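Structure file run16.pdb (PDB, C-alpha atoms) is printed below.
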```
ATOM      1  CA  MET A   1       0.623  79.931  11.592
ATOM      2  CA  THR A   2      -1.035  76.568  12.263
ATOM      3  CA  LEU A   3       0.404  73.663  14.167
ATOM      4  CA  ARG A   4       0.481  71.685  10.918
ATOM      5  CA  SER A   5       3.295  73.899   9.623
ATOM      6  CA  PHE A   6       5.525  72.798  12.517
ATOM      7  CA  ALA A   7       4.876  69.088  11.963
ATOM      8  CA  ALA A   8       7.837  66.972  10.964
ATOM      9  CA  PRO A   9       7.877  66.287   7.239
ATOM     10  CA  ASP A  10       7.153  62.765   6.047
ATOM     11  CA  THR A  11      10.397  60.818   5.663
ATOM     12  CA  GLU A  12       9.108  59.333   2.426
ATOM     13  CA  THR A  13       8.573  62.866   1.092
ATOM     14  CA  LEU A  14      12.115  63.894   2.108
ATOM     15  CA  VAL A  15      13.637  60.946   0.333
ATOM     16  CA  THR A  16      11.727  61.163  -2.934
ATOM     17  CA  GLY A  17      10.788  64.839  -3.007
ATOM     18  CA  ALA A  18       7.075  63.951  -3.375
ATOM     19  CA  PRO A  19       4.581  61.844  -1.438
ATOM     20  CA  LEU A  20       4.673  58.179  -2.439
ATOM     21  CA  SER A  21       1.572  56.657  -3.925
ATOM     22  CA  ARG A  22      -0.467  54.230  -1.860
ATOM     23  CA  ARG A  23       0.660  51.336  -4.044
ATOM     24  CA  ARG A  24       4.334  52.157  -3.542
ATOM     25  CA  ARG A  25       3.858  52.485   0.217
ATOM     26  CA  GLN A  26       2.228  49.065   0.319
ATOM     27  CA  LEU A  27       5.092  47.565  -1.676
ATOM     28  CA  ARG A  28       7.630  49.153   0.666
ATOM     29  CA  ARG A  29       5.871  47.762   3.745
ATOM     30  CA  ALA A  30       5.701  44.312   2.126
ATOM     31  CA  ALA A  31       9.411  44.489   1.278
ATOM     32  CA  GLU A  32      10.243  45.408   4.866
ATOM     33  CA  SER A  33       8.144  42.494   6.164
ATOM     34  CA  TYR A  34       9.850  39.998   3.872
ATOM     35  CA  ALA A  35      13.243  41.425   4.805
ATOM     36  CA  TYR A  36      12.555  40.542   8.442
ATOM     37  CA  LEU A  37      11.385  37.074   7.415
ATOM     38  CA  ALA A  38      14.283  36.485   5.018
ATOM     39  CA  PRO A  39      16.607  34.602   7.460
ATOM     40  CA  THR A  40      13.823  32.187   8.428
ATOM     41  CA  LEU A  41      12.723  31.737   4.820
ATOM     42  CA  VAL A  42      16.296  30.974   3.772
ATOM     43  CA  LEU A  43      16.602  28.334   6.512
ATOM     44  CA  LEU A  44      13.285  26.765   5.533
ATOM     45  CA  PHE A  45      14.371  26.678   1.915
ATOM     46  CA  VAL A  46      17.745  25.093   2.689
ATOM     47  CA  LEU A  47      16.564  22.656   5.364
ATOM     48  CA  MET A  48      13.116  21.753   4.003
ATOM     49  CA  VAL A  49      12.434  22.658   0.385
ATOM     50  CA  ILE A  50      15.762  21.509  -1.067
ATOM     51  CA  PRO A  51      15.767  18.119   0.761
ATOM     52  CA  ILE A  52      12.159  17.445  -0.283
ATOM     53  CA  VAL A  53      12.954  18.225  -3.925
ATOM     54  CA  MET A  54      16.061  16.000  -3.763
ATOM     55  CA  VAL A  55      14.099  13.084  -2.266
ATOM     56  CA  ILE A  56      11.412  13.431  -4.934
ATOM     57  CA  GLY A  57      14.173  13.383  -7.570
ATOM     58  CA  TYR A  58      15.747  10.252  -6.038
ATOM     59  CA  SER A  59      12.362   8.480  -6.171
ATOM     60  CA  PHE A  60      12.495   8.601  -9.976
ATOM     61  CA  GLN A  61      16.059   7.252 -10.156
ATOM     62  CA  ASP A  62      17.728   3.888  -9.860
ATOM     63  CA  ARG A  63      20.979   3.459  -7.890
ATOM     64  CA  ALA A  64      20.540   6.857  -6.203
ATOM     65  CA  ILE A  65      23.410   8.040  -3.954
ATOM     66  CA  MET A  66      25.122   4.661  -3.460
ATOM     67  CA  GLY A  67      24.987   3.088  -6.914
ATOM     68  CA  GLY A  68      27.296   5.198  -9.000
ATOM     69  CA  GLU A  69      25.744   6.890 -12.005
ATOM     70  CA  PRO A  70      21.966   7.150 -11.370
ATOM     71  CA  GLU A  71      19.458   6.237 -14.059
ATOM     72  CA  ILE A  72      16.011   7.738 -14.541
ATOM     73  CA  VAL A  73      13.403   4.970 -14.256
ATOM     74  CA  GLY A  74      10.184   6.998 -14.065
ATOM     75  CA  PHE A  75       7.490   5.463 -11.869
ATOM     76  CA  GLU A  76       9.142   2.049 -11.646
ATOM     77  CA  ASN A  77      10.160   2.598  -8.020
ATOM     78  CA  TYR A  78       6.597   3.530  -7.102
ATOM     79  CA  LEU A  79       5.288   0.317  -8.680
ATOM     80  CA  THR A  80       7.928  -1.667  -6.788
ATOM     81  CA  VAL A  81       7.016  -0.149  -3.432
ATOM     82  CA  LEU A  82       3.257  -0.283  -3.985
ATOM     83  CA  THR A  83       3.455  -3.975  -4.900
ATOM     84  CA  ASP A  84       5.662  -4.811  -1.911
ATOM     85  CA  SER A  85       3.777  -6.768   0.729
ATOM     86  CA  GLY A  86       6.030  -5.261   3.385
ATOM     87  CA  PHE A  87       4.851  -1.763   2.495
ATOM     88  CA  TRP A  88       1.186  -2.722   2.890
ATOM     89  CA  ARG A  89       1.910  -4.568   6.130
ATOM     90  CA  ALA A  90       3.587  -1.420   7.437
ATOM     91  CA  THR A  91       0.636   0.660   6.221
ATOM     92  CA  SER A  92      -1.824  -1.623   8.018
ATOM     93  CA  ASN A  93       0.201  -1.466  11.237
ATOM     94  CA  THR A  94       0.448   2.320  10.925
ATOM     95  CA  LEU A  95      -3.324   2.638  10.529
ATOM     96  CA  PHE A  96      -3.984   0.452  13.580
ATOM     97  CA  PHE A  97      -1.333   2.186  15.653
ATOM     98  CA  THR A  98      -2.550   5.662  14.657
ATOM     99  CA  ILE A  99      -6.320   5.221  14.824
ATOM    100  CA  VAL A 100      -6.335   3.377  18.143
ATOM    101  CA  SER A 101      -3.857   5.812  19.700
ATOM    102  CA  VAL A 102      -5.787   8.911  18.596
ATOM    103  CA  ALA A 103      -9.156   7.486  19.669
ATOM    104  CA  VAL A 104      -7.944   6.538  23.129
ATOM    105  CA  HIS A 105      -6.018   9.808  23.460
ATOM    106  CA  LEU A 106      -9.298  11.654  22.942
ATOM    107  CA  VAL A 107     -11.263   9.504  25.399
ATOM    108  CA  LEU A 108      -8.614   9.594  28.129
ATOM    109  CA  GLY A 109      -7.846  13.263  27.585
ATOM    110  CA  MET A 110     -11.511  14.213  27.818
ATOM    111  CA  THR A 111     -12.049  12.019  30.884
ATOM    112  CA  PHE A 112      -9.135  13.453  32.842
ATOM    113  CA  ALA A 113      -9.911  17.000  31.698
ATOM    114  CA  LEU A 114     -13.485  16.679  32.988
ATOM    115  CA  LEU A 115     -12.167  15.241  36.245
ATOM    116  CA  LEU A 116      -9.671  18.052  36.775
ATOM    117  CA  ASN A 117     -12.302  20.645  35.880
ATOM    118  CA  SER A 118     -14.822  19.146  38.287
ATOM    119  CA  LYS A 119     -15.579  20.614  41.703
ATOM    120  CA  LEU A 120     -15.862  17.152  43.215
ATOM    121  CA  ILE A 121     -12.196  17.154  44.209
ATOM    122  CA  GLY A 122     -10.406  19.773  46.275
ATOM    123  CA  VAL A 123      -7.758  22.206  45.161
ATOM    124  CA  ILE A 124      -4.768  20.295  46.585
ATOM    125  CA  PRO A 125      -5.787  16.848  45.237
ATOM    126  CA  ARG A 126      -6.544  18.487  41.890
ATOM    127  CA  ALA A 127      -3.040  19.965  41.742
ATOM    128  CA  ILE A 128      -1.501  16.600  42.640
ATOM    129  CA  PHE A 129      -3.540  14.738  40.015
ATOM    130  CA  ARG A 130      -2.728  17.382  37.409
ATOM    131  CA  ALA A 131       1.002  16.900  38.016
ATOM    132  CA  LEU A 132       0.690  13.108  37.849
ATOM    133  CA  TYR A 133      -1.454  13.076  34.726
ATOM    134  CA  VAL A 134       0.816  15.434  32.801
ATOM    135  CA  LEU A 135       3.989  13.552  33.802
ATOM    136  CA  PRO A 136       4.185  11.276  30.695
ATOM    137  CA  TRP A 137       4.224  14.354  28.466
ATOM    138  CA  LEU A 138       7.451  15.552  30.084
ATOM    139  CA  PHE A 139       9.491  12.507  29.035
ATOM    140  CA  THR A 140      11.292  12.197  25.718
ATOM    141  CA  ALA A 141      10.667   9.220  23.443
ATOM    142  CA  ALA A 142      14.007   7.703  24.459
ATOM    143  CA  VAL A 143      13.190   7.880  28.167
ATOM    144  CA  ILE A 144       9.711   6.452  27.590
ATOM    145  CA  ALA A 145      11.109   3.575  25.513
ATOM    146  CA  VAL A 146      13.763   2.648  28.084
ATOM    147  CA  LEU A 147      11.294   2.974  30.956
ATOM    148  CA  TRP A 148       8.686   0.698  29.411
ATOM    149  CA  ARG A 149      11.235  -1.847  28.191
ATOM    150  CA  MET A 150      12.345  -2.223  31.790
ATOM    151  CA  LEU A 151       8.765  -2.389  33.100
ATOM    152  CA  LEU A 152       7.686  -4.931  30.475
ATOM    153  CA  ALA A 153      10.770  -7.151  30.655
ATOM    154  CA  PRO A 154      10.105 -10.825  31.528
ATOM    155  CA  ASN A 155      11.482 -10.112  35.019
ATOM    156  CA  GLY A 156      10.058  -6.583  35.154
ATOM    157  CA  VAL A 157       7.537  -4.921  37.404
ATOM    158  CA  ILE A 158       4.492  -5.581  35.186
ATOM    159  CA  ASN A 159       5.045  -9.343  35.088
ATOM    160  CA  PHE A 160       5.748  -9.334  38.820
ATOM    161  CA  LEU A 161       2.447  -7.601  39.574
ATOM    162  CA  LEU A 162       0.524  -9.884  37.199
ATOM    163  CA  ASN A 163       2.446 -12.983  38.328
ATOM    164  CA  THR A 164       3.350 -13.877  34.724
ATOM    165  CA  ASP A 165       6.456 -14.090  32.561
ATOM    166  CA  VAL A 166       5.030 -12.724  29.297
ATOM    167  CA  GLU A 167       7.456 -11.144  26.804
ATOM    168  CA  TRP A 168       5.230  -8.233  25.908
ATOM    169  CA  LEU A 169       7.504  -6.687  23.271
ATOM    170  CA  ALA A 170       8.746  -9.972  21.775
ATOM    171  CA  ASN A 171       5.427 -11.790  21.435
ATOM    172  CA  PRO A 172       4.045 -11.446  17.865
ATOM    173  CA  GLN A 173       0.469 -11.476  19.179
ATOM    174  CA  LEU A 174       1.068  -8.774  21.796
ATOM    175  CA  ALA A 175       3.831  -6.516  20.436
ATOM    176  CA  LEU A 176       1.704  -4.159  18.312
ATOM    177  CA  GLY A 177      -0.887  -3.712  21.040
ATOM    178  CA  THR A 178       1.876  -3.136  23.573
ATOM    179  CA  VAL A 179       3.634  -0.362  21.653
ATOM    180  CA  THR A 180       0.223   1.193  20.957
ATOM    181  CA  PHE A 181      -0.478   1.188  24.692
ATOM    182  CA  ILE A 182       2.890   2.840  25.370
ATOM    183  CA  ASN A 183       2.143   5.541  22.789
ATOM    184  CA  ILE A 184      -1.287   6.109  24.350
ATOM    185  CA  TRP A 185       0.295   6.550  27.773
ATOM    186  CA  ALA A 186       2.842   8.988  26.375
ATOM    187  CA  GLY A 187       0.414  11.099  24.324
ATOM    188  CA  TYR A 188      -2.862  11.542  26.209
ATOM    189  CA  PRO A 189      -1.632  14.523  28.336
ATOM    190  CA  PHE A 190      -1.571  16.699  25.195
ATOM    191  CA  PHE A 191      -5.304  16.144  24.776
ATOM    192  CA  MET A 192      -5.934  16.531  28.496
ATOM    193  CA  VAL A 193      -4.192  19.898  28.810
ATOM    194  CA  SER A 194      -5.772  21.302  25.644
ATOM    195  CA  LEU A 195      -9.290  20.138  26.524
ATOM    196  CA  LEU A 196      -8.921  21.354  30.100
ATOM    197  CA  ALA A 197      -8.098  24.822  28.795
ATOM    198  CA  GLY A 198     -11.147  24.634  26.550
ATOM    199  CA  LEU A 199     -13.399  23.524  29.413
ATOM    200  CA  GLN A 200     -12.282  26.420  31.565
ATOM    201  CA  GLY A 201     -13.222  28.814  28.755
ATOM    202  CA  ILE A 202     -16.837  27.646  28.454
ATOM    203  CA  PRO A 203     -19.203  30.249  30.011
ATOM    204  CA  GLY A 204     -21.029  28.967  33.078
ATOM    205  CA  ASP A 205     -24.213  30.633  31.865
ATOM    206  CA  LEU A 206     -24.601  27.929  29.226
ATOM    207  CA  TYR A 207     -24.652  25.180  31.845
ATOM    208  CA  GLU A 208     -27.043  27.172  34.036
ATOM    209  CA  ALA A 209     -29.419  27.680  31.130
ATOM    210  CA  ALA A 210     -29.266  23.976  30.250
ATOM    211  CA  THR A 211     -29.962  23.035  33.878
ATOM    212  CA  VAL A 212     -32.970  25.355  33.978
ATOM    213  CA  ASP A 213     -34.275  23.650  30.824
ATOM    214  CA  GLY A 214     -34.081  20.312  32.648
ATOM    215  CA  ALA A 215     -30.915  18.912  31.069
ATOM    216  CA  GLY A 216     -29.047  16.299  33.081
ATOM    217  CA  PRO A 217     -25.257  15.826  33.264
ATOM    218  CA  VAL A 218     -25.140  13.637  30.152
ATOM    219  CA  GLN A 219     -27.319  16.016  28.158
ATOM    220  CA  ARG A 220     -25.222  19.005  29.263
ATOM    221  CA  PHE A 221     -22.099  17.183  28.137
ATOM    222  CA  TRP A 222     -23.414  16.362  24.650
ATOM    223  CA  ASN A 223     -25.352  19.579  24.073
ATOM    224  CA  VAL A 224     -23.076  22.139  25.740
ATOM    225  CA  THR A 225     -19.583  20.784  26.355
ATOM    226  CA  VAL A 226     -19.004  18.910  23.095
ATOM    227  CA  PRO A 227     -20.305  21.680  20.769
ATOM    228  CA  GLN A 228     -18.168  24.256  22.580
ATOM    229  CA  LEU A 229     -15.081  22.036  22.356
ATOM    230  CA  ARG A 230     -15.686  20.830  18.781
ATOM    231  CA  PRO A 231     -13.111  23.170  17.118
ATOM    232  CA  ILE A 232     -10.461  22.143  19.659
ATOM    233  CA  ILE A 233     -11.309  18.450  19.328
ATOM    234  CA  ILE A 234     -11.051  18.513  15.519
ATOM    235  CA  SER A 235      -7.720  20.358  15.645
ATOM    236  CA  LEU A 236      -6.326  17.920  18.222
ATOM    237  CA  ILE A 237      -7.434  14.881  16.216
ATOM    238  CA  LEU A 238      -5.873  16.138  12.977
ATOM    239  CA  LEU A 239      -2.605  17.094  14.669
ATOM    240  CA  ASP A 240      -2.407  13.786  16.516
ATOM    241  CA  LEU A 241      -3.096  11.851  13.317
ATOM    242  CA  ILE A 242      -0.151  13.604  11.654
ATOM    243  CA  TRP A 243       2.211  13.137  14.598
ATOM    244  CA  THR A 244       1.260   9.539  15.425
ATOM    245  CA  SER A 245       1.389   8.316  11.829
ATOM    246  CA  GLN A 246       5.009   9.508  11.702
ATOM    247  CA  GLN A 247       6.062   8.027  15.038
ATOM    248  CA  PHE A 248       9.514   6.488  14.721
ATOM    249  CA  ALA A 249      11.661   6.844  17.833
ATOM    250  CA  LEU A 250       9.298   5.065  20.221
ATOM    251  CA  ILE A 251       8.815   2.018  18.004
ATOM    252  CA  TRP A 252      12.431   1.842  16.913
ATOM    253  CA  MET A 253      13.706   1.917  20.504
ATOM    254  CA  THR A 254      11.201  -0.634  21.821
ATOM    255  CA  THR A 255      10.757  -3.278  19.112
ATOM    256  CA  GLY A 256      12.687  -2.029  16.062
ATOM    257  CA  GLY A 257       9.693  -3.005  13.948
ATOM    258  CA  GLY A 258       9.783  -6.629  15.122
ATOM    259  CA  PRO A 259       9.233  -9.319  15.982
ATOM    260  CA  ILE A 260       8.855 -10.573  12.385
ATOM    261  CA  ASP A 261       7.617  -7.137  11.276
ATOM    262  CA  VAL A 262       4.430  -7.175  13.382
ATOM    263  CA  THR A 263       5.208  -3.647  14.616
ATOM    264  CA  GLU A 264       6.711  -2.410  11.360
ATOM    265  CA  VAL A 265       5.250   1.003  10.494
ATOM    266  CA  LEU A 266       5.883   3.251   7.520
ATOM    267  CA  SER A 267       8.596   5.235   9.266
ATOM    268  CA  THR A 268      10.620   2.153  10.266
ATOM    269  CA  PHE A 269       9.973   0.531   6.881
ATOM    270  CA  THR A 270      11.412   3.573   5.102
ATOM    271  CA  TYR A 271      14.366   3.746   7.501
ATOM    272  CA  LYS A 272      15.263   0.102   6.883
ATOM    273  CA  LEU A 273      15.093   0.562   3.119
ATOM    274  CA  ALA A 274      17.670   3.323   3.403
ATOM    275  CA  PHE A 275      20.013   2.163   6.156
ATOM    276  CA  ALA A 276      19.593  -1.620   6.230
ATOM    277  CA  ARG A 277      19.202  -2.404   2.515
ATOM    278  CA  TYR A 278      20.942   0.788   1.349
ATOM    279  CA  ASP A 279      18.341   1.186  -1.388
ATOM    280  CA  PHE A 280      17.935   4.937  -1.236
ATOM    281  CA  SER A 281      15.793   5.035  -4.374
ATOM    282  CA  LEU A 282      13.073   2.869  -2.833
ATOM    283  CA  ALA A 283      13.503   4.643   0.506
ATOM    284  CA  ALA A 284      12.949   7.989  -1.206
ATOM    285  CA  THR A 285       9.880   6.575  -2.945
ATOM    286  CA  SER A 286       8.422   5.350   0.337
ATOM    287  CA  ALA A 287       9.173   8.722   1.925
ATOM    288  CA  VAL A 288       7.347  10.539  -0.888
ATOM    289  CA  LEU A 289       4.300   8.307  -0.414
ATOM    290  CA  VAL A 290       4.318   9.043   3.313
ATOM    291  CA  LEU A 291       4.652  12.741   2.500
ATOM    292  CA  LEU A 292       1.592  12.594   0.245
ATOM    293  CA  MET A 293      -0.445  10.889   2.975
ATOM    294  CA  SER A 294       0.658  13.481   5.509
ATOM    295  CA  MET A 295      -0.128  16.319   3.100
ATOM    296  CA  VAL A 296      -3.762  15.192   2.964
ATOM    297  CA  LEU A 297      -4.037  15.507   6.749
ATOM    298  CA  ALA A 298      -2.127  18.788   6.733
ATOM    299  CA  ILE A 299      -4.481  20.266   4.113
ATOM    300  CA  LEU A 300      -7.500  19.178   6.169
ATOM    301  CA  TYR A 301      -5.982  20.808   9.248
ATOM    302  CA  VAL A 302      -5.250  24.083   7.441
ATOM    303  CA  ARG A 303      -8.747  24.194   5.958
ATOM    304  CA  HIS A 304     -10.247  23.590   9.382
ATOM    305  CA  GLN A 305      -8.164  26.360  10.902
ATOM    306  CA  LYS A 306      -9.244  28.789   8.163
ATOM    307  CA  ALA A 307     -12.895  27.855   8.635
ATOM    308  CA  ARG A 308     -12.494  28.263  12.384
ATOM    309  CA  ASP A 309     -10.977  31.758  11.968
TER     310      ASP A 309
END
```
Exercise: express the given structure as C-alpha cells:
Amino acid sequence: MTLRSFAAPDTETLVTGAPLSRRRRQLRRAAESYAYLAPTLVLLFVLMVIPIVMVIGYSFQDRAIMGGEPEIVGFENYLTVLTDSGFWRATSNTLFFTIVSVAVHLVLGMTFALLLNSKLIGVIPRAIFRALYVLPWLFTAAVIAVLWRMLLAPNGVINFLLNTDVEWLANPQLALGTVTFINIWAGYPFFMVSLLAGLQGIPGDLYEAATVDGAGPVQRFWNVTVPQLRPIIISLILLDLIWTSQQFALIWMTTGGGPIDVTEVLSTFTYKLAFARYDFSLAATSAVLVLLMSMVLAILYVRHQKARD
C-alpha cells in the first residue's frame, strides 16, 4: 500500500463527491477573496461612491438641498461656475500655490536628503539634523497655522527679527506668497524622507564606476543619482500635486482665502459657495470640476506606478 492511500482526501472532493474543475476552484478562491474584502468595499461604497454620485447629481440641479423642490437644469450650473471670475481667480491661485510648493518641496527635499546622506557630517550631528528637518512633518495643519500666525503677527517674532511691522497674512501683495512659504515649510520633509530612503538604496558600485570614468560630483549627481531616483521623484511630484491642489485647512486657518480673495483657492472657493452663500448646486458643480482635475493627476500616477512595476 502506498503512502498516497493514507493521504487525507481533498475537502472539495468530500463536499461535492468529485474533484472540482479548475475554473470552479478559481471562482471559489475569488469569492473567498471578495468575502474578506466585503466590509472595506461596503464602507468605500457608502462613504465614497454614494457621496460622489450625489454631488454629481446636485451639480445638474437648481435649489439643491436648501431650496425646496430641486429642478434639473442640465449644464447651466457648469456654465455659471466656468464664467465666474472668482472661480478662475481661485484656479490661478491654486496653480501658483501648487506649482511653487511642489517645485520647492523637490529642491529642498533633495538638498537635505543629500546632506543627510553625505559623509561630511558625523553620526550624532546627522541624527540631530534629521530630527530637526523632519519636525514640520509631525505637526497637524491646525498647529502649523496657529504657529505661523503667531510668528507672522505684526508684533511677532519674524517682524522682531527683521525690525519691521509687516502684516504678512493681511497684505494683498504678500499673503499668497506667505501661505505658499508656510506650505513649503510644512511639506518638504515628505520629499526629504522619501528621497533619503532612495539615496540609501543606490548601489555604491555605480558611483565608484562613475568616479573611475572621471565623473565629478555634479556629473555623478545627474548621471547616477537622478536616473536612479527618477521613479521616486515622479511619484512624489504626482502625489504632492494632488495633495497640494486640495489644500484647505492651512489656508482656511491662516487667511480664510483673503484678503480680498488673493489667497482664495479652489477648495476655499467651493467651501464658501456651500456654507457662506448656501448655494449647494454651484458648490457641487465646483467640487465636480475639482474632482475631474484631480482625476487627471490620479490617472497619471496610476499609469506611472503600473509602468514602474
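Between Gly204 (chain A) and the candidates A:Gln228, A:Leu161, A:Asp240, A:Leu120, the tightest atom-to-atom separation, counting all atoms listed in the file, involves A:Gln228.
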Nearest to Val302 (chain A) by atom-to-atom distance, counting only C-alpha atoms, from A:Ser101, A:Ser235, A:Thr180, A:Ser286: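 Closest to Val302 (chain A), using only C-alpha atoms: A:Ser235.
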Spatial neighbours of Phe97 (chain A), max dist 12 Å, all atoms listed in the file, sep filter under 5 positions, as a PyMOL selection string: chain A and resi 90-92+102-105+175-184+240-241+243-248+250-251+262-266
Shell around region 57-60 of chain A at 7 Å using only C-alpha atoms, local window under 5 positions removed, as an MDAnalysis selection string: chainID A and resid 72:75 77 281:282 284:285
Kindly export the residues of the current selection with C-alpha atoms, as an mmCIF file, in the coordinates of the input.
```
data_model
loop_
_atom_site.group_PDB
_atom_site.id
_atom_site.type_symbol
_atom_site.label_atom_id
_atom_site.label_comp_id
_atom_site.auth_asym_id
_atom_site.auth_seq_id
_atom_site.Cartn_x
_atom_site.Cartn_y
_atom_site.Cartn_z
ATOM 1 C CA ILE A 72 16.011 7.738 -14.541
ATOM 2 C CA VAL A 73 13.403 4.970 -14.256
ATOM 3 C CA GLY A 74 10.184 6.998 -14.065
ATOM 4 C CA PHE A 75 7.490 5.463 -11.869
ATOM 5 C CA ASN A 77 10.160 2.598 -8.020
ATOM 6 C CA SER A 281 15.793 5.035 -4.374
ATOM 7 C CA LEU A 282 13.073 2.869 -2.833
ATOM 8 C CA ALA A 284 12.949 7.989 -1.206
ATOM 9 C CA THR A 285 9.880 6.575 -2.945
#
```
Ground truth for the PyMOL selection byres ((chain A and resi 87) around 12), written as number ranges by chain: A: 78-86, 88-94, 261, 264-270, 272-273, 282-283, 285-287, 289-290
Nearest to Phe129 (chain A), chosen from A:Tyr278, A:Ala210, A:Ala113, A:Asn163, with all atoms listed in the file counted in the distances: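 The closest residue to Phe129 (chain A) is A:Ala113.
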Gap from CA of Ala186 (chain A) to CA of Ala170 (chain A) - Å, one decimal: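 Computed distance, CA of Ala186 (chain A) to CA of Ala170 (chain A), equals 20.4 Å.
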Residue neighbourhood Arg230 (chain A), 12 Å, all atoms listed in the file, exclusion window fewer than 3 positions, as a PyMOL selection string: chain A and resi 106+110+195+198-199+202+221-227+233-237+304+308
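CA of Thr254 (chain A) sits 6.5 Å away from CA of Arg149 (chain A).
Note that the spacing between CA of Thr164 (chain A) and CA of Leu151 (chain A) amounts to 12.8 Å.
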Top pick for closest residue to Ala307 (chain A), considering A:Pro231, A:Ile56, A:Leu138, A:Ile124 and counting only C-alpha atoms: A:Pro231
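Distances here use only C-alpha atoms; by that measure, the residue among A:Thr140, A:Ser118, A:Arg220, A:Trp252 closest to Leu206 (chain A) is A:Arg220.
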Since the input has fewer atoms than a full residue there, write region 38-52 of chain A out with N, CA, C and O atoms, as a tab-separated table (two decimals), in the frame of the given file.
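Heads up, here's the output in result.tsv:
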```
chain	number	residue	atom	x	y	z
A	38	ALA	N	13.31	37.09	5.93
A	38	ALA	CA	14.28	36.48	5.02
A	38	ALA	C	15.17	35.42	5.67
A	38	ALA	O	15.34	34.33	5.09
A	39	PRO	N	15.76	35.66	6.87
A	39	PRO	CA	16.61	34.60	7.46
A	39	PRO	C	15.86	33.30	7.68
A	39	PRO	O	16.37	32.22	7.38
A	40	THR	N	14.61	33.40	8.20
A	40	THR	CA	13.82	32.19	8.43
A	40	THR	C	13.46	31.52	7.12
A	40	THR	O	13.50	30.28	7.00
A	41	LEU	N	13.08	32.31	6.12
A	41	LEU	CA	12.72	31.74	4.82
A	41	LEU	C	13.91	31.03	4.17
A	41	LEU	O	13.76	29.98	3.54
A	42	VAL	N	15.10	31.61	4.33
A	42	VAL	CA	16.30	30.97	3.77
A	42	VAL	C	16.55	29.63	4.45
A	42	VAL	O	16.85	28.62	3.80
A	43	LEU	N	16.41	29.59	5.78
A	43	LEU	CA	16.60	28.33	6.51
A	43	LEU	C	15.58	27.29	6.09
A	43	LEU	O	15.91	26.12	5.90
A	44	LEU	N	14.32	27.70	5.97
A	44	LEU	CA	13.28	26.76	5.53
A	44	LEU	C	13.58	26.24	4.14
A	44	LEU	O	13.39	25.05	3.85
A	45	PHE	N	14.05	27.10	3.28
A	45	PHE	CA	14.37	26.68	1.92
A	45	PHE	C	15.52	25.68	1.90
A	45	PHE	O	15.46	24.65	1.21
A	46	VAL	N	16.57	25.96	2.68
A	46	VAL	CA	17.74	25.09	2.69
A	46	VAL	C	17.47	23.77	3.41
A	46	VAL	O	17.89	22.70	2.96
A	47	LEU	N	16.75	23.84	4.53
A	47	LEU	CA	16.56	22.66	5.36
A	47	LEU	C	15.30	21.87	5.04
A	47	LEU	O	15.17	20.74	5.50
A	48	MET	N	14.37	22.44	4.28
A	48	MET	CA	13.12	21.75	4.00
A	48	MET	C	12.85	21.61	2.51
A	48	MET	O	12.68	20.49	2.02
A	49	VAL	N	12.82	22.72	1.80
A	49	VAL	CA	12.43	22.66	0.38
A	49	VAL	C	13.45	21.87	-0.44
A	49	VAL	O	13.09	20.97	-1.21
A	50	ILE	N	14.73	22.20	-0.29
A	50	ILE	CA	15.76	21.51	-1.07
A	50	ILE	C	15.79	20.01	-0.77
A	50	ILE	O	15.82	19.19	-1.71
A	51	PRO	N	15.79	19.58	0.51
A	51	PRO	CA	15.77	18.12	0.76
A	51	PRO	C	14.54	17.43	0.18
A	51	PRO	O	14.65	16.31	-0.34
A	52	ILE	N	13.37	18.07	0.26
A	52	ILE	CA	12.16	17.44	-0.28
A	52	ILE	C	12.29	17.28	-1.79
A	52	ILE	O	11.96	16.21	-2.35
```
